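Encoded as structure tokens, the structure appears first; notes follow it.
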Amino acid sequence: GWRAPRSRAEAASCPAQAAMAKPSGGSAKPGAAASKKKTAGGSVWRRLGLLLAAAALPLTLAVVWLLRPERSGGAKSASREPPGGDFGSRPSPDGDFAKKVVPLIRKFITKKYADYGKGLVTLRHMKQYIVDKSDLKLTYEDLRDDRYSLVIEHEVDAIVNRCDGGKKPVSCVQPEASEL
């Protein structure tokens with residue numbers, strides 16, 4: 001089979017290859033012109049293939065973007081969920097929530113006051129305690145909702161202020177009658 005010459009010297013050593021390697025001028029042979037046309041035709045198909053490939057890539061990316069799970073109603077990414085979860089799926093807290101939760105918070109901190117003073121008690125621990133001990137039929141996820149969480153955090157902040165972050169005696173967890 002025919003192979004392309006590796007250098008001009010190699011092309012010059014073979015008359016047929018030398019004729020194809022010469023730049024086209026007015027004195028080119030008819031066979032060489034036909035050969036050039038064949039090469040030029042192959043180049044057109046090659047360019048067309050590259051053009052189609054270049055057009056297919058953005059089209060493919062657009063289709064993938066349109067069909068991604070977040071757009072089609074599939075599983076939502078946790079990072080796109082608003083802080084505190086979906087507000088519409090649960091009722092907002094009422095006065096009974098605060099009346100039941102505040103004493104539970106005080107009881108929990110009183111029981112764990114030594115750890116509280118060391119900074120070992122977290123809101124997660126406290127919320128799980130509320131879920132376990134209250135009959136509110138709420139889950140930990142419900143308590144992550146900002147509307148519920150704010151009630152809890154408000155009481156915790158009041159205890160932190162009264163107890164100076166655990167430096168005062170445990171009796172400070174319960175507010176004085178003048179504070180109620």
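In the structure tokens, chains take letters A, B, ... by order of appearance, with residues numbered from 1 within each chain and ligands from 1 in the order shown.
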Quick one: everything within 10 Å of A:Cys163, counting only C-alpha atoms, minus sequence neighbours fewer than 3 positions away in the same chain. Send it as a short mmCIF file (atom, residue, chain, number, x, y, z; two decimals) with all heavy atoms, in the first residue's frame.
data_model
loop_
_atom_site.label_atom_id
_atom_site.label_comp_id
_atom_site.auth_asym_id
_atom_site.auth_seq_id
_atom_site.Cartn_x
_atom_site.Cartn_y
_atom_site.Cartn_z
N GLY A 117 -21.61 23.53 81.80
CA GLY A 117 -20.55 24.48 82.17
C GLY A 117 -19.25 24.24 81.42
O GLY A 117 -18.47 25.16 81.20
N ASP A 157 -30.68 31.07 75.47
CA ASP A 157 -29.97 32.35 75.62
C ASP A 157 -30.26 32.99 76.97
O ASP A 157 -29.35 33.55 77.62
CB ASP A 157 -30.35 33.32 74.50
CG ASP A 157 -29.77 32.92 73.15
OD1 ASP A 157 -28.83 32.10 73.12
OD2 ASP A 157 -30.26 33.43 72.13
N ALA A 158 -31.50 32.90 77.43
CA ALA A 158 -31.85 33.46 78.74
C ALA A 158 -31.10 32.72 79.85
O ALA A 158 -30.59 33.35 80.80
CB ALA A 158 -33.37 33.36 78.95
N ILE A 159 -30.99 31.41 79.73
CA ILE A 159 -30.26 30.62 80.74
C ILE A 159 -28.77 30.96 80.70
O ILE A 159 -28.13 31.11 81.75
CB ILE A 159 -30.50 29.10 80.54
CG1 ILE A 159 -31.96 28.76 80.84
CG2 ILE A 159 -29.56 28.28 81.41
CD1 ILE A 159 -32.37 27.35 80.47
N VAL A 160 -28.22 31.10 79.52
CA VAL A 160 -26.79 31.46 79.39
C VAL A 160 -26.54 32.79 80.09
O VAL A 160 -25.55 32.94 80.84
CB VAL A 160 -26.37 31.53 77.90
CG1 VAL A 160 -25.01 32.17 77.76
CG2 VAL A 160 -26.36 30.14 77.28
N GLY A 166 -22.60 29.01 82.74
CA GLY A 166 -22.30 27.85 83.59
C GLY A 166 -21.39 28.16 84.74
O GLY A 166 -20.96 27.24 85.45
N LYS A 167 -21.08 29.43 84.98
CA LYS A 167 -20.17 29.81 86.06
C LYS A 167 -20.87 29.99 87.40
O LYS A 167 -20.24 29.92 88.44
CB LYS A 167 -19.43 31.10 85.69
CG LYS A 167 -18.51 30.92 84.48
CD LYS A 167 -17.87 32.21 84.07
CE LYS A 167 -17.03 32.00 82.82
NZ LYS A 167 -16.62 33.26 82.21
N LYS A 168 -22.19 30.22 87.34
CA LYS A 168 -22.96 30.40 88.59
C LYS A 168 -23.50 29.06 89.05
O LYS A 168 -23.48 28.08 88.31
CB LYS A 168 -24.10 31.38 88.35
CG LYS A 168 -23.62 32.80 88.05
CD LYS A 168 -24.78 33.74 87.91
CE LYS A 168 -24.29 35.16 87.66
NZ LYS A 168 -25.41 36.08 87.49
N PRO A 169 -24.03 29.00 90.28
CA PRO A 169 -24.61 27.75 90.80
C PRO A 169 -25.81 27.29 89.95
O PRO A 169 -26.46 28.10 89.28
CB PRO A 169 -25.07 28.09 92.21
CG PRO A 169 -24.34 29.34 92.57
CD PRO A 169 -24.03 30.05 91.30
N VAL A 170 -26.12 26.01 89.97
CA VAL A 170 -27.16 25.42 89.14
C VAL A 170 -28.54 26.05 89.38
O VAL A 170 -29.40 26.01 88.50
CB VAL A 170 -27.20 23.88 89.33
CG1 VAL A 170 -27.71 23.51 90.71
CG2 VAL A 170 -28.03 23.21 88.26
N SER A 171 -28.74 26.63 90.53
CA SER A 171 -30.04 27.26 90.83
C SER A 171 -30.37 28.39 89.86
O SER A 171 -31.54 28.76 89.73
CB SER A 171 -30.06 27.76 92.28
OG SER A 171 -29.03 28.73 92.46
N CYS A 172 -29.38 28.92 89.15
CA CYS A 172 -29.64 30.01 88.23
C CYS A 172 -30.44 29.59 86.99
O CYS A 172 -30.98 30.42 86.28
CB CYS A 172 -28.32 30.65 87.76
SG CYS A 172 -27.32 29.53 86.75
N VAL A 173 -30.52 28.29 86.74
CA VAL A 173 -31.27 27.81 85.58
C VAL A 173 -32.73 28.21 85.68
O VAL A 173 -33.34 28.63 84.69
CB VAL A 173 -31.12 26.27 85.44
CG1 VAL A 173 -32.01 25.74 84.33
CG2 VAL A 173 -29.68 25.91 85.17
N GLN A 174 -33.29 28.11 86.89
CA GLN A 174 -34.66 28.53 87.11
C GLN A 174 -34.69 30.04 87.33
O GLN A 174 -33.95 30.55 88.18
CB GLN A 174 -35.27 27.80 88.33
CG GLN A 174 -35.29 26.30 88.22
CD GLN A 174 -36.17 25.80 87.08
OE1 GLN A 174 -37.17 26.40 86.74
NE2 GLN A 174 -35.76 24.70 86.48
N PRO A 175 -35.53 30.75 86.57
CA PRO A 175 -35.56 32.20 86.75
C PRO A 175 -36.19 32.60 88.10
O PRO A 175 -36.98 31.83 88.66
CB PRO A 175 -36.43 32.69 85.60
CG PRO A 175 -37.33 31.53 85.28
CD PRO A 175 -36.50 30.30 85.60
#
For A:Thr122, please output as a list of chain:residue names all residues within 12 Å (counting only C-alpha atoms; exclusion window: fewer than 4 positions along the same chain).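 Once the adjacent positions are removed, what remains is A:Ile105, A:Phe108, A:Ile109, A:Lys112, A:Tyr113, A:Asp115, A:Tyr116, A:Gly117, A:Lys118, A:Met126, A:Lys127, A:Gln128, A:Tyr129, A:Ile152, A:Glu153, A:Val156.
One distance worth recording is that between atom CA of A:Leu143 and atom CA of A:Leu123, which is 10.2 Å.
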Mind checking which residues fall within 7 Å of A:Val131, counting only C-alpha atoms, ignoring those fewer than 6 positions away in the same chain, and posting them as a list in words?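 Selected residues are Leu138, Thr139 and Tyr140 of chain A.
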Keeping all heavy atoms for every residue in the selection just given, could you write it to a file as a CSV table (one decimal), in the first residue's frame?
chain,number,residue,atom,x,y,z
A,138,LEU,N,-43.5,15.6,67.8
A,138,LEU,CA,-42.6,16.2,66.8
A,138,LEU,C,-41.4,15.4,66.7
A,138,LEU,O,-41.0,14.6,67.6
A,138,LEU,CB,-42.2,17.6,67.4
A,138,LEU,CG,-43.3,18.6,67.5
A,138,LEU,CD1,-42.8,19.9,68.2
A,138,LEU,CD2,-43.8,19.0,66.1
A,139,THR,N,-40.7,15.5,65.6
A,139,THR,CA,-39.5,14.8,65.3
A,139,THR,C,-38.3,15.8,65.5
A,139,THR,O,-38.5,17.0,65.6
A,139,THR,CB,-39.4,14.3,63.9
A,139,THR,OG1,-39.4,15.3,63.0
A,139,THR,CG2,-40.6,13.3,63.6
A,140,TYR,N,-37.1,15.3,65.5
A,140,TYR,CA,-35.9,16.1,65.5
A,140,TYR,C,-35.9,17.1,64.3
A,140,TYR,O,-35.6,18.2,64.5
A,140,TYR,CB,-34.6,15.3,65.6
A,140,TYR,CG,-33.4,16.2,65.6
A,140,TYR,CD1,-33.0,16.8,66.7
A,140,TYR,CD2,-32.7,16.3,64.4
A,140,TYR,CE1,-31.9,17.7,66.6
A,140,TYR,CE2,-31.6,17.1,64.3
A,140,TYR,CZ,-31.2,17.8,65.4
A,140,TYR,OH,-30.1,18.6,65.4
Atomic separation - atom CA of A:Arg106 relative to atom CA of A:Glu155, Å: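 If I compute the distance from atom CA of A:Glu155 to atom CA of A:Arg106, I get 8.4 Å.
Between atom CA of A:Ser92 and atom CA of A:Ile130 the interatomic distance comes to 16.6 Å.
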